[in-house]
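Shown next: entry.txt, given as compact mmCIF, C-alpha atoms.
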# COMPACT_ATOMS: atom_id res chain seq x y z
CA MET A 1 -11.19 -1.93 -34.06
CA GLU A 2 -9.95 -0.30 -30.87
CA SER A 3 -10.91 3.12 -32.08
CA HIS A 4 -10.73 4.46 -28.54
CA ARG A 5 -7.00 4.02 -28.45
CA HIS A 6 -5.08 7.22 -28.92
CA PRO A 7 -2.84 7.27 -31.99
CA SER A 8 0.20 7.50 -29.74
CA GLU A 9 -0.77 4.40 -27.79
CA ARG A 10 0.68 1.00 -28.50
CA PRO A 11 -1.58 -1.87 -29.57
CA LEU A 12 -2.61 -4.26 -26.81
CA PRO A 13 -0.72 -7.53 -26.45
CA PRO A 14 -2.02 -10.94 -27.58
CA ILE A 15 -3.84 -13.18 -25.12
CA SER A 16 -0.77 -15.36 -24.61
CA VAL A 17 0.95 -12.48 -22.84
CA TYR A 18 -1.85 -12.34 -20.28
CA LEU A 19 -1.59 -16.05 -19.68
CA TYR A 20 2.18 -15.84 -19.18
CA VAL A 21 1.77 -13.00 -16.73
CA GLY A 22 -0.93 -14.93 -14.89
CA ALA A 23 1.38 -17.94 -14.61
CA ILE A 24 4.22 -15.78 -13.30
CA LEU A 25 1.90 -14.27 -10.69
CA ILE A 26 0.95 -17.69 -9.41
CA ILE A 27 4.53 -18.96 -9.36
CA VAL A 28 5.82 -15.90 -7.54
CA THR A 29 3.06 -16.23 -4.92
CA ALA A 30 3.96 -19.89 -4.44
CA VAL A 31 7.62 -18.91 -3.99
CA GLU A 32 6.64 -16.30 -1.42
CA VAL A 33 4.63 -18.76 0.62
CA ALA A 34 7.38 -21.38 0.39
CA ALA A 35 10.01 -18.86 1.49
CA PHE A 36 7.82 -17.97 4.44
CA TYR A 37 8.15 -21.50 5.75
CA LEU A 38 11.93 -21.60 5.33
CA ASP A 39 14.08 -20.98 8.33
CA VAL A 40 15.85 -17.84 7.14
CA PRO A 41 16.54 -14.72 9.18
CA SER A 42 13.94 -12.00 8.81
CA TYR A 43 16.44 -9.45 7.43
CA VAL A 44 16.90 -11.78 4.46
CA LEU A 45 13.34 -12.94 4.05
CA ILE A 46 11.50 -9.66 4.39
CA PRO A 47 13.34 -7.78 1.64
CA ILE A 48 12.84 -10.80 -0.63
CA LEU A 49 9.11 -10.89 0.10
CA ILE A 50 8.76 -7.17 -0.53
CA VAL A 51 10.63 -7.36 -3.83
CA LEU A 52 8.54 -10.31 -5.01
CA SER A 53 5.29 -8.61 -4.11
CA LEU A 54 6.43 -5.41 -5.83
CA MET A 55 7.17 -7.48 -8.89
CA LYS A 56 3.61 -8.85 -8.96
CA PHE A 57 2.23 -5.37 -8.45
CA VAL A 58 4.19 -3.99 -11.39
CA LEU A 59 3.27 -6.92 -13.63
CA VAL A 60 -0.45 -6.47 -13.05
CA VAL A 61 -0.29 -2.72 -13.54
CA MET A 62 1.82 -2.91 -16.69
CA PHE A 63 0.14 -5.81 -18.47
CA PHE A 64 -3.33 -6.38 -17.04
CA MET A 65 -4.04 -2.70 -16.56
CA HIS A 66 -2.26 -1.90 -19.82
CA LEU A 67 -0.16 0.96 -18.50
CA ARG A 68 2.74 -0.33 -20.56
CA TYR A 69 0.67 0.22 -23.70
CA ASP A 70 -1.43 3.22 -22.78
CA HIS A 71 -0.80 6.92 -22.88
CA LYS A 72 1.73 8.26 -20.36
CA ILE A 73 -0.81 10.51 -18.68
CA PHE A 74 -2.56 7.49 -17.21
CA SER A 75 0.69 6.31 -15.70
CA SER A 76 1.45 9.75 -14.34
CA VAL A 77 -1.77 10.23 -12.38
CA PHE A 78 -1.50 6.76 -10.92
CA ILE A 79 2.17 7.00 -10.06
CA LEU A 80 1.57 10.36 -8.41
CA GLY A 81 -0.94 8.78 -6.04
CA LEU A 82 1.28 5.76 -5.53
CA VAL A 83 4.36 7.78 -4.65
CA LEU A 84 2.40 9.95 -2.21
CA ALA A 85 0.97 6.81 -0.64
CA LEU A 86 4.41 5.22 -0.31
CA GLY A 87 5.70 8.44 1.26
CA ILE A 88 2.88 8.49 3.79
CA THR A 89 3.33 4.82 4.59
CA LEU A 90 7.08 5.02 5.08
CA GLY A 91 6.74 8.31 6.91
CA LEU A 92 4.25 6.91 9.39
CA ILE A 93 6.24 3.76 9.91
CA THR A 94 9.51 5.56 10.55
CA LEU A 95 7.80 8.12 12.77
CA PHE A 96 6.45 5.39 14.96
CA ASP A 97 9.62 3.33 14.55
CA ASN A 98 7.89 0.02 14.29
CA PHE A 99 8.98 -1.70 11.13
CA ASP A 100 11.00 -3.89 13.41
CA VAL A 101 9.45 -7.25 12.85
CA GLY A 102 10.73 -9.54 15.55
CA ASN A 103 9.73 -7.78 18.70
CA PRO A 104 7.73 -4.68 19.47
CA PRO A 105 9.87 -1.59 19.85
CA VAL A 106 11.28 -0.52 23.15
CA ALA A 107 10.01 2.84 24.27
CA ALA A 108 12.81 5.28 25.03
CA ALA A 109 11.51 5.91 28.52
CA PRO A 110 9.21 3.35 30.04
CA THR A 111 5.74 4.82 30.18
CA PRO A 112 4.29 4.67 33.65
CA ILE A 113 1.14 2.63 33.64
CA PRO A 114 -1.38 4.11 36.03
CA THR A 115 -3.67 1.16 36.46
CA ILE A 116 -2.76 -2.46 36.02
CA THR A 117 -5.52 -3.98 34.01
CA LEU A 118 -4.08 -7.46 34.01
CA ALA A 119 -4.13 -7.91 37.75
CA THR A 120 -6.46 -10.65 38.83
CA PRO A 121 -7.49 -10.67 42.47
CA ALA A 122 -5.43 -13.43 44.03
CA ILE A 123 -8.22 -14.54 46.25
CA PRO A 124 -11.64 -14.08 44.75
CA GLY A 125 -13.58 -11.41 46.54
CA GLY A 126 -10.81 -10.50 48.91
CA GLY A 127 -7.36 -9.08 49.40
CA VAL A 128 -4.09 -10.96 49.48
CA ASP A 129 -3.40 -13.41 52.28
CA PRO A 130 -1.52 -11.32 54.88
CA ASN A 131 0.41 -14.37 56.08
CA LEU A 132 2.36 -14.61 52.82
CA PRO A 133 5.87 -13.12 52.65
CA ALA A 134 5.81 -9.39 51.76
CA GLY A 135 7.38 -10.12 48.38
CA ALA A 136 4.76 -12.71 47.49
CA GLN A 137 2.04 -10.24 48.40
CA ALA A 138 3.67 -7.67 46.13
CA PHE A 139 3.81 -10.28 43.37
CA LEU A 140 0.05 -10.76 43.65
CA ASN A 141 -0.83 -7.12 44.26
CA ARG A 142 1.14 -5.87 41.27
CA GLY A 143 -0.45 -8.27 38.82
CA CYS A 144 2.67 -10.34 38.10
CA ASN A 145 0.48 -13.40 38.78
CA GLY A 146 -1.57 -12.56 35.70
CA CYS A 147 1.33 -13.67 33.52
CA HIS A 148 3.48 -15.98 35.63
CA VAL A 149 3.01 -19.29 37.40
CA ILE A 150 4.72 -19.92 40.72
CA GLU A 151 4.06 -23.35 42.11
CA GLY A 152 2.67 -23.18 45.62
CA LEU A 153 1.55 -19.57 45.30
CA PRO A 154 -2.24 -19.50 44.91
CA GLY A 155 -3.36 -17.06 42.22
CA ALA A 156 -0.08 -17.14 40.28
CA VAL A 157 -1.57 -18.77 37.20
CA GLY A 158 -0.72 -16.64 34.13
CA VAL A 159 0.96 -18.30 31.19
CA VAL A 160 1.90 -15.28 29.07
CA GLY A 161 5.33 -15.29 30.69
CA PRO A 162 7.57 -18.15 31.79
CA ASP A 163 6.89 -20.19 34.89
CA LEU A 164 8.94 -18.60 37.67
CA THR A 165 9.10 -21.70 39.87
CA GLY A 166 12.75 -22.33 40.65
CA LEU A 167 13.77 -18.97 39.20
CA ALA A 168 16.54 -18.38 41.73
CA GLY A 169 18.27 -21.52 40.51
CA ARG A 170 18.62 -20.36 36.91
CA ALA A 171 18.58 -16.56 37.20
CA GLY A 172 22.36 -16.39 37.63
CA ASP A 173 22.94 -18.26 34.36
CA ARG A 174 20.61 -16.22 32.20
CA VAL A 175 22.86 -13.36 31.17
CA PRO A 176 26.64 -13.71 31.35
CA GLY A 177 27.97 -11.17 33.82
CA LEU A 178 24.72 -10.69 35.71
CA SER A 179 24.27 -12.26 39.13
CA ALA A 180 20.95 -13.85 40.01
CA GLU A 181 19.89 -10.73 41.88
CA GLU A 182 20.99 -8.36 39.13
CA TYR A 183 19.16 -10.45 36.57
CA VAL A 184 15.92 -10.50 38.57
CA ARG A 185 16.11 -6.72 39.02
CA GLN A 186 16.74 -6.21 35.34
CA SER A 187 13.85 -8.54 34.46
CA VAL A 188 11.45 -6.16 36.13
CA GLU A 189 13.23 -2.84 35.53
CA ALA A 190 13.96 -3.42 31.88
CA PRO A 191 12.05 -6.53 30.73
CA GLN A 192 12.98 -5.90 27.11
CA ASP A 193 16.74 -6.16 27.72
CA PHE A 194 16.74 -9.93 27.88
CA LEU A 195 14.01 -12.13 26.49
CA VAL A 196 13.56 -15.66 27.71
CA GLU A 197 13.76 -17.99 24.75
CA GLY A 198 10.38 -18.75 23.24
CA TYR A 199 8.72 -15.63 24.65
CA ASP A 200 7.98 -12.30 23.07
CA ASN A 201 8.56 -8.94 24.62
CA LEU A 202 5.19 -8.90 26.33
CA MET A 203 6.18 -8.21 29.90
CA LEU A 204 4.88 -4.86 31.02
CA PRO A 205 7.31 -2.24 32.30
CA LEU A 206 5.84 -2.34 35.78
CA ARG A 207 8.78 -1.07 37.82
CA ASP A 208 7.34 2.46 38.04
CA THR A 209 4.14 1.18 39.56
CA ILE A 210 5.96 -0.48 42.46
CA GLY A 211 7.26 1.35 45.50
CA ASP A 212 10.98 0.97 46.30
CA GLU A 213 10.50 -0.95 49.53
CA GLU A 214 7.94 -3.20 47.93
CA PHE A 215 10.29 -3.78 45.02
CA GLU A 216 13.10 -4.87 47.35
CA SER A 217 10.79 -7.38 49.03
CA LEU A 218 9.67 -8.63 45.62
CA VAL A 219 13.27 -9.23 44.51
CA GLU A 220 14.05 -10.91 47.79
CA TYR A 221 11.04 -13.18 47.40
CA LEU A 222 11.84 -14.11 43.80
CA LEU A 223 15.35 -15.09 44.90
CA THR A 224 13.87 -17.58 47.35
CA LEU A 225 12.21 -19.53 44.52
CA ARG A 226 14.32 -22.61 44.32
CA MET B 1 -14.94 0.66 -38.71
CA ALA B 2 -16.35 1.34 -35.29
CA ALA B 3 -15.09 4.88 -35.24
CA ALA B 4 -17.25 5.86 -38.17
CA THR B 5 -20.43 4.13 -37.05
CA HIS B 6 -20.54 5.33 -33.50
CA GLU B 7 -18.56 8.09 -31.93
CA PRO B 8 -19.59 7.84 -28.31
CA GLU B 9 -16.78 9.84 -26.76
CA HIS B 10 -16.46 13.58 -26.71
CA HIS B 11 -13.39 15.10 -28.19
CA THR B 12 -11.08 16.04 -25.37
CA SER B 13 -8.09 18.34 -25.26
CA THR B 14 -5.80 15.41 -24.49
CA GLY B 15 -7.39 13.18 -27.09
CA LEU B 16 -7.82 10.66 -24.29
CA ASN B 17 -10.98 9.37 -22.76
CA HIS B 18 -11.86 11.35 -19.69
CA ARG B 19 -13.70 8.55 -17.99
CA LYS B 20 -10.61 6.41 -18.15
CA LEU B 21 -8.48 9.29 -16.90
CA LEU B 22 -10.95 9.76 -14.06
CA MET B 23 -10.66 6.09 -13.15
CA TRP B 24 -6.88 6.29 -13.01
CA THR B 25 -7.03 9.43 -10.90
CA PHE B 26 -9.46 7.69 -8.57
CA LEU B 27 -7.16 4.67 -8.33
CA GLY B 28 -4.25 6.99 -7.56
CA SER B 29 -6.24 8.39 -4.65
CA GLU B 30 -7.17 4.88 -3.57
CA CYS B 31 -3.45 4.19 -3.18
CA LEU B 32 -3.41 6.88 -0.51
CA PHE B 33 -6.45 5.37 1.16
CA PHE B 34 -5.06 1.86 1.37
CA GLY B 35 -1.50 3.05 2.00
CA SER B 36 -2.66 4.85 5.14
CA LEU B 37 -4.65 1.86 6.36
CA ILE B 38 -1.70 -0.48 5.80
CA ALA B 39 0.68 1.88 7.58
CA THR B 40 -1.69 2.22 10.51
CA HIS B 41 -1.88 -1.54 10.72
CA MET B 42 1.88 -2.02 10.57
CA ILE B 43 2.42 0.48 13.34
CA ASN B 44 -0.17 -0.88 15.72
CA ARG B 45 -0.40 -4.59 15.12
CA ASN B 46 2.12 -5.53 17.80
CA LYS B 47 1.33 -3.08 20.56
CA ALA B 48 2.44 -5.38 23.32
CA GLU B 49 0.21 -4.45 26.23
CA LEU B 50 -2.96 -5.01 24.31
CA LEU B 51 -2.51 -8.40 22.73
CA HIS B 52 -3.56 -10.92 25.39
CA GLY B 53 -2.73 -13.83 23.11
CA LEU B 54 -4.69 -12.43 20.18
CA SER B 55 -1.72 -11.36 18.13
CA PRO B 56 -1.09 -11.72 14.37
CA ALA B 57 1.01 -14.82 15.03
CA CYS B 58 -1.86 -16.46 16.91
CA VAL B 59 -4.76 -15.87 14.56
CA LEU B 60 -3.60 -15.23 10.99
CA ASP B 61 -3.93 -18.36 8.87
CA ILE B 62 -1.31 -18.41 6.13
CA PRO B 63 -2.40 -21.57 4.22
CA ILE B 64 -6.03 -20.48 3.96
CA THR B 65 -5.08 -16.96 2.93
CA SER B 66 -2.63 -18.27 0.35
CA ALA B 67 -5.55 -20.14 -1.21
CA SER B 68 -7.77 -17.06 -1.28
CA THR B 69 -4.90 -15.03 -2.74
CA PHE B 70 -4.57 -17.60 -5.50
CA VAL B 71 -8.29 -17.28 -6.23
CA LEU B 72 -8.12 -13.50 -6.47
CA LEU B 73 -5.10 -13.64 -8.79
CA MET B 74 -6.99 -16.06 -11.03
CA SER B 75 -9.93 -13.68 -11.10
CA SER B 76 -7.62 -10.98 -12.44
CA VAL B 77 -6.57 -13.27 -15.25
CA ALA B 78 -10.24 -13.92 -16.03
CA MET B 79 -10.90 -10.18 -16.01
CA VAL B 80 -8.13 -9.39 -18.46
CA LEU B 81 -9.51 -12.08 -20.76
CA ALA B 82 -12.93 -10.44 -20.50
CA VAL B 83 -11.41 -7.09 -21.48
CA ALA B 84 -9.70 -8.71 -24.46
CA ALA B 85 -12.97 -10.40 -25.48
CA SER B 86 -14.75 -7.06 -25.31
CA GLU B 87 -12.12 -5.50 -27.57
CA ARG B 88 -12.69 -8.31 -30.07
CA SER B 89 -16.48 -7.93 -29.71
CA ASP B 90 -16.60 -11.61 -28.80
CA LEU B 91 -19.80 -11.59 -26.78
CA LYS B 92 -19.74 -15.25 -25.79
CA GLN B 93 -16.18 -15.17 -24.39
CA LEU B 94 -16.91 -11.86 -22.74
CA ARG B 95 -19.80 -13.37 -20.81
CA ILE B 96 -17.82 -16.46 -19.84
CA TRP B 97 -14.94 -14.43 -18.45
CA LEU B 98 -17.09 -11.83 -16.74
CA PHE B 99 -18.97 -14.61 -15.03
CA SER B 100 -15.71 -16.35 -14.04
CA THR B 101 -14.34 -13.14 -12.58
CA ALA B 102 -17.45 -12.50 -10.50
CA PHE B 103 -17.52 -16.14 -9.43
CA LEU B 104 -13.89 -16.15 -8.29
CA GLY B 105 -14.42 -12.79 -6.58
CA THR B 106 -17.32 -14.29 -4.66
CA ILE B 107 -15.20 -17.25 -3.59
CA PHE B 108 -12.61 -14.80 -2.31
CA LEU B 109 -15.33 -13.07 -0.30
CA GLY B 110 -16.41 -16.46 1.04
CA PHE B 111 -12.85 -17.02 2.30
CA GLN B 112 -12.98 -13.64 3.97
CA VAL B 113 -16.28 -14.35 5.69
CA TYR B 114 -14.82 -17.64 6.91
CA GLU B 115 -11.67 -15.91 8.12
CA PHE B 116 -13.52 -13.13 9.93
CA SER B 117 -15.89 -15.50 11.71
CA ALA B 118 -13.00 -17.78 12.70
CA PHE B 119 -11.21 -14.78 14.24
CA VAL B 120 -14.31 -13.66 16.08
CA ASN B 121 -14.71 -17.19 17.44
CA GLU B 122 -11.17 -17.02 18.76
CA GLY B 123 -12.09 -13.80 20.50
CA LEU B 124 -10.60 -11.23 18.13
CA THR B 125 -13.07 -8.53 17.13
CA ILE B 126 -12.61 -5.02 15.83
CA GLY B 127 -12.73 -3.80 19.44
CA THR B 128 -10.40 -6.32 21.09
CA ASN B 129 -7.07 -4.65 20.55
CA LEU B 130 -5.15 -2.47 18.11
CA PHE B 131 -4.32 -5.46 15.98
CA GLY B 132 -8.01 -6.33 15.62
CA SER B 133 -9.06 -2.75 14.95
CA THR B 134 -6.51 -2.07 12.26
CA PHE B 135 -6.76 -5.53 10.74
CA PHE B 136 -10.53 -5.55 10.35
CA THR B 137 -10.58 -1.95 9.13
CA LEU B 138 -8.00 -2.66 6.46
CA THR B 139 -9.20 -6.02 5.21
CA GLY B 140 -12.84 -5.02 5.70
CA PHE B 141 -12.44 -2.03 3.41
CA HIS B 142 -10.70 -4.26 0.90
CA GLY B 143 -13.59 -6.71 1.13
CA VAL B 144 -16.05 -3.88 0.47
CA HIS B 145 -14.06 -3.00 -2.64
CA VAL B 146 -14.24 -6.60 -3.83
CA THR B 147 -17.99 -6.64 -3.19
CA VAL B 148 -18.49 -3.45 -5.19
CA GLY B 149 -16.39 -5.00 -7.95
CA VAL B 150 -18.45 -8.19 -8.04
CA ILE B 151 -21.69 -6.19 -8.26
CA TRP B 152 -20.21 -4.00 -10.98
CA ILE B 153 -19.03 -7.00 -13.01
CA LEU B 154 -22.39 -8.76 -12.66
CA SER B 155 -24.15 -5.62 -13.85
CA MET B 156 -21.83 -5.56 -16.87
CA LEU B 157 -22.73 -9.19 -17.49
CA ALA B 158 -26.41 -8.28 -17.38
CA THR B 159 -25.75 -5.33 -19.68
CA SER B 160 -24.22 -7.70 -22.21
CA PHE B 161 -27.69 -9.21 -22.66
CA PHE B 162 -29.62 -5.95 -23.01
CA ARG B 163 -27.25 -3.42 -24.55
CA LYS B 164 -24.56 -5.33 -26.42
CA ASP B 165 -23.24 -2.10 -27.89
CA LEU B 166 -22.19 -0.91 -24.44
CA VAL B 167 -19.86 -3.82 -23.76
CA THR B 168 -18.23 -4.67 -27.06
CA GLY B 169 -15.92 -2.97 -29.47
CA ASP B 170 -15.45 0.69 -28.89
CA PRO B 171 -16.87 1.61 -25.47
CA LEU B 172 -14.50 1.59 -22.53
CA ASN B 173 -17.02 0.21 -20.07
CA ILE B 174 -15.39 -3.19 -19.65
CA ASP B 175 -11.91 -1.69 -19.80
CA ILE B 176 -12.70 0.61 -16.86
CA THR B 177 -14.38 -2.16 -14.89
CA GLY B 178 -11.20 -4.16 -15.42
CA LEU B 179 -8.99 -1.34 -14.14
CA TYR B 180 -10.98 -1.24 -10.93
CA TRP B 181 -10.88 -5.01 -10.51
CA HIS B 182 -7.15 -5.27 -11.11
CA PHE B 183 -6.56 -2.50 -8.63
CA VAL B 184 -8.45 -4.42 -5.96
CA ASP B 185 -6.19 -7.34 -6.83
CA ILE B 186 -2.94 -5.39 -6.47
CA VAL B 187 -4.06 -4.01 -3.14
CA TRP B 188 -4.48 -7.59 -2.01
CA ILE B 189 -1.06 -8.51 -3.38
CA VAL B 190 0.39 -5.91 -1.02
CA ILE B 191 -1.85 -6.87 1.93
CA PHE B 192 -1.02 -10.55 1.59
CA THR B 193 2.70 -9.93 1.68
CA VAL B 194 2.85 -7.14 4.21
CA VAL B 195 0.05 -8.04 6.63
CA TYR B 196 0.14 -11.82 6.43
CA LEU B 197 3.63 -13.03 5.46
CA VAL B 198 5.81 -10.23 6.81
CA GLY B 199 3.33 -9.59 9.62
CA VAL B 200 3.59 -13.06 11.07
CA PHE B 201 7.11 -14.09 10.20
CA GLY B 202 9.39 -14.66 13.15
CA LEU B 203 6.73 -14.10 15.79
CA ASN B 204 5.64 -16.72 18.29
CA CYS B 205 2.08 -17.03 19.39
CA VAL B 206 1.90 -16.25 23.09
CA GLU B 207 -1.31 -17.66 24.50
CA ALA B 208 -3.50 -15.59 26.75
CA ALA B 209 -3.50 -16.19 30.46
Before we go any further, please render this structure as structure tokens.
Amino acid sequence: MESHRHPSERPLPPISVYLYVGAILIIVTAVEVAAFYLDVPSYVLIPILIVLSLMKFVLVVMFFMHLRYDHKIFSSVFILGLVLALGITLGLITLFDNFDVGNPPVAAAPTPIPTITLATPAIPGGGVDPNLPAGAQAFLNRGCNGCHVIEGLPGAVGVVGPDLTGLAGRAGDRVPGLSAEEYVRQSVEAPQDFLVEGYDNLMLPLRDTIGDEEFESLVEYLLTLR
Amino acid sequence: MAAATHEPEHHTSTGLNHRKLLMWTFLGSECLFFGSLIATHMINRNKAELLHGLSPACVLDIPITSASTFVLLMSSVAMVLAVAASERSDLKQLRIWLFSTAFLGTIFLGFQVYEFSAFVNEGLTIGTNLFGSTFFTLTGFHGVHVTVGVIWILSMLATSFFRKDLVTGDPLNIDITGLYWHFVDIVWIVIFTVVYLVGVFGLNCVEAA
């Protein structure tokens, strides 16, 4: 039988080998999923997951696809493609510097955002109530309300970011060494520098879209939120 | 015995079957194809400004996908048993395992249809954000590969009724079908780990405003 096998090729394994490999594949997958639900830091978990998945990959290629038994040329053409693919993948990922799993990367220089797409008109069909404090108007005009709630400020309804009601009371305790005012400034100037617990780095770098005077009034207003 | 009765392959300079070599070369190039799609996904999946609550952590369903991964792994086991049956010229076993492979492959596709429609219901389409675009492109192309594989395997099953000589003993037809199917499986092994497990781990779902 097996007359298509080259004389230099090894005979194929018995069925039991396939069944063993199949069992290992299932067990390893179960371990991966279980590990996913464990509370381990990502720098421990991710390498483990990658190694386990690589192991499954190699098992299938060697036993199910018979590369372990077949002529070397088959392995060579496949490995050539595989190595090139790995190179491209790693190259792209390092180029764009985003293998960081926890939070999205921080751009070296904040990119100015010309139009604020998130801004919702505070008052449907109209501008912002001119009787509000200047800082509150800035808050609404600059789209902060799309992500933050402030009790008593109509239109401030977003829930992507933390509720800012009472911010002034806790701002001074957020980062050791930063006063309430410094912290509020940093929150807008460099939102990625400190992340409120339970939130991802989703706050837009909006500082460049806000005029200096307007920014001062905004900070002043946020510090009145008790 | 088979070698004397039928000699279907041409003699080649390597002494190896060129169709099989072609398949391996194709699979090598497929690595590049899927590697690029995976890399593109990894780079773009968390582009902050564009998520609006539809991020990997919000929509990807690990338990369901673990189940579909299990199904696809099982289909690979069935496929390797089909290849072994073909080598032994065991027509009955061959048909059983080919059918099982196609059946499990179809279940996997059913999971994918369910997953895609669930995502669309939650508001994530291929045009919503970079996560959606790269996710659907990657897993969609994988799904197309599975579909092609299922059709291929079913046609081999049909062939086993009309031209037994093409699927048993010497010819490499089932062997090559198997290579393709296993490849689709290993691509999923990578996607499951990288896109689902690593992709979601440690991220919180931030709901849209």
- Message: Between A:Met62, A:Val21, A:Ile46, A:Ala85, which residue has the minimum interatomic distance to B:Cys31, considering all atoms listed in the file?
- Response: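 Going through A:Met62, A:Val21, A:Ile46, A:Ala85 one by one, the smallest distance to B:Cys31 is for A:Ala85.
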- Message: For a quick check of understanding, using only C-alpha atoms, which of A:Val159, A:Val44, A:Val17, A:Ile27 has the smallest distance to chain B?
- Response: A:Val159
- Non-local contacts of B:Ala85 (6 Å; only C-alpha atoms; under 4 positions in same chain excluded) as a PyMOL selection string: chain B and resi 90+93-94
- Write out as an NGL selection string which residues come within 12 Å of B:Asp61 when counting only C-alpha atoms, dropping same-chain ones fewer than 2 positions away. (:A and (33)) or (:B and (55-59 or 63-68 or 111-112 or 114-116 or 118-119 or 192 or 195-197 or 199-201))
Only C-alpha atoms, please: the residues just picked out, written as a CSV table (one decimal), keeping the file's coordinate frame.
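And here's out.csv as it stands now:
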chain,number,residue,atom,x,y,z
A,33,VAL,CA,4.6,-18.8,0.6
B,55,SER,CA,-1.7,-11.4,18.1
B,56,PRO,CA,-1.1,-11.7,14.4
B,57,ALA,CA,1.0,-14.8,15.0
B,58,CYS,CA,-1.9,-16.5,16.9
B,59,VAL,CA,-4.8,-15.9,14.6
B,63,PRO,CA,-2.4,-21.6,4.2
B,64,ILE,CA,-6.0,-20.5,4.0
B,65,THR,CA,-5.1,-17.0,2.9
B,66,SER,CA,-2.6,-18.3,0.4
B,67,ALA,CA,-5.6,-20.1,-1.2
B,68,SER,CA,-7.8,-17.1,-1.3
B,111,PHE,CA,-12.8,-17.0,2.3
B,112,GLN,CA,-13.0,-13.6,4.0
B,114,TYR,CA,-14.8,-17.6,6.9
B,115,GLU,CA,-11.7,-15.9,8.1
B,116,PHE,CA,-13.5,-13.1,9.9
B,118,ALA,CA,-13.0,-17.8,12.7
B,119,PHE,CA,-11.2,-14.8,14.2
B,192,PHE,CA,-1.0,-10.6,1.6
B,195,VAL,CA,0.0,-8.0,6.6
B,196,TYR,CA,0.1,-11.8,6.4
B,197,LEU,CA,3.6,-13.0,5.5
B,199,GLY,CA,3.3,-9.6,9.6
B,200,VAL,CA,3.6,-13.1,11.1
B,201,PHE,CA,7.1,-14.1,10.2
- Message: Show me, as a list in words, the residues that have an atom within 9 Å of A:Ile88 when counting only C-alpha atoms, minus same-chain residues fewer than 3 positions from it.
- Response: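 Here the answer would be Val83, Leu84, Ala85, Gly91, Leu92 and Ile93 of chain A; Leu32, Gly35, Ser36 and Ala39 of chain B.
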- Message: My list of candidates is A:Thr165, A:Thr94, A:Thr89, A:Thr209. Which is closest to A:Asn141 when distances are computed with all atoms listed in the file?
- Response: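 The answer is A:Thr209, which sits nearest to A:Asn141.
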- Message: Counting all atoms listed in the file, I want the residues whose atoms come within 9 Å of (-0.9, -6.8, -16.2) in the file frame, returned as a PyMOL selection string.
- Response: (chain A and resi 17-18+21-22+56-68) or (chain B and resi 76-77+80+182)
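Here atom CA of A:His148 stands at a distance of 10.0 Å from atom CA of A:Met203.
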- Message: What does the structure give for the distance between atom CA of A:Leu164 and atom CA of B:Leu54, in Å to one decimal?
- Response: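 Interatomic distance here is 23.0 Å.
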- atom CA of B:Thr193 sits from atom CA of A:Leu45 at a separation of 11.3 Å
- With all atoms listed in the file as the basis for distance, which of A:Ile24, A:Val128, A:Asp200, A:Tyr43 is at the shortest distance from chain B?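 Of the candidates, the smallest distance to chain B is held by A:Asp200.
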- Within 10 Å of A:Val28, counting all atoms listed in the file, which residues show up once you throw out same-chain ones fewer than 6 positions away? Write them as a list in words, please. Ala34, Leu49, Leu52, Ser53, Met55 and Lys56 of chain A
File dump, residues just selected, C-alpha atoms, as a compact mmCIF listing (two decimals), in the coordinates of the input:
# COMPACT_ATOMS: atom_id res chain seq x y z
CA ALA A 34 7.38 -21.38 0.39
CA LEU A 49 9.11 -10.89 0.10
CA LEU A 52 8.54 -10.31 -5.01
CA SER A 53 5.29 -8.61 -4.11
CA MET A 55 7.17 -7.48 -8.89
CA LYS A 56 3.61 -8.85 -8.96
- Find the residues near B:Ser89: any atom within 7 Å, counting only C-alpha atoms, skip ones fewer than 2 places away on the same chain, and give them as a list in words.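 The residues satisfying every condition are Ala85, Ser86, Glu87, Leu91, Thr168 and Gly169 of chain B.
Of the residues under consideration (A:Val51, A:Leu202, A:Ala180, A:Leu153), A:Leu202 shows the shortest atom-to-atom contact distance to chain B when counting all atoms listed in the file.
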- Item | Residue nearest chain A among B:Met156, B:Val184, B:Met23, B:Leu179 (counting only C-alpha atoms) |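 Ranked by minimum distance to chain A, first place goes to B:Leu179.
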Padded axis-aligned box of stretch 154-167 of chain B (5 Å per side), centre and edge lengths, Å, one decimal, as lines of an AutoDock Vina configuration file:
center_x = -24.7
center_y = -5.1
center_z = -20.3
size_x = 19.8
size_y = 18.3
size_z = 25.2
- With only C-alpha atoms counted, which protein, DNA or RNA residues have an atom no more than 9 Å from (-0.5, -3.2, 15.6) in the file frame? Please answer as a list in words. Thr40, His41, Met42, Ile43, Asn44, Arg45, Asn46, Lys47, Ala48, Ser55, Pro56, Asn129, Leu130, Phe131, Gly132, Ser133, Thr134 and Phe135 of chain B
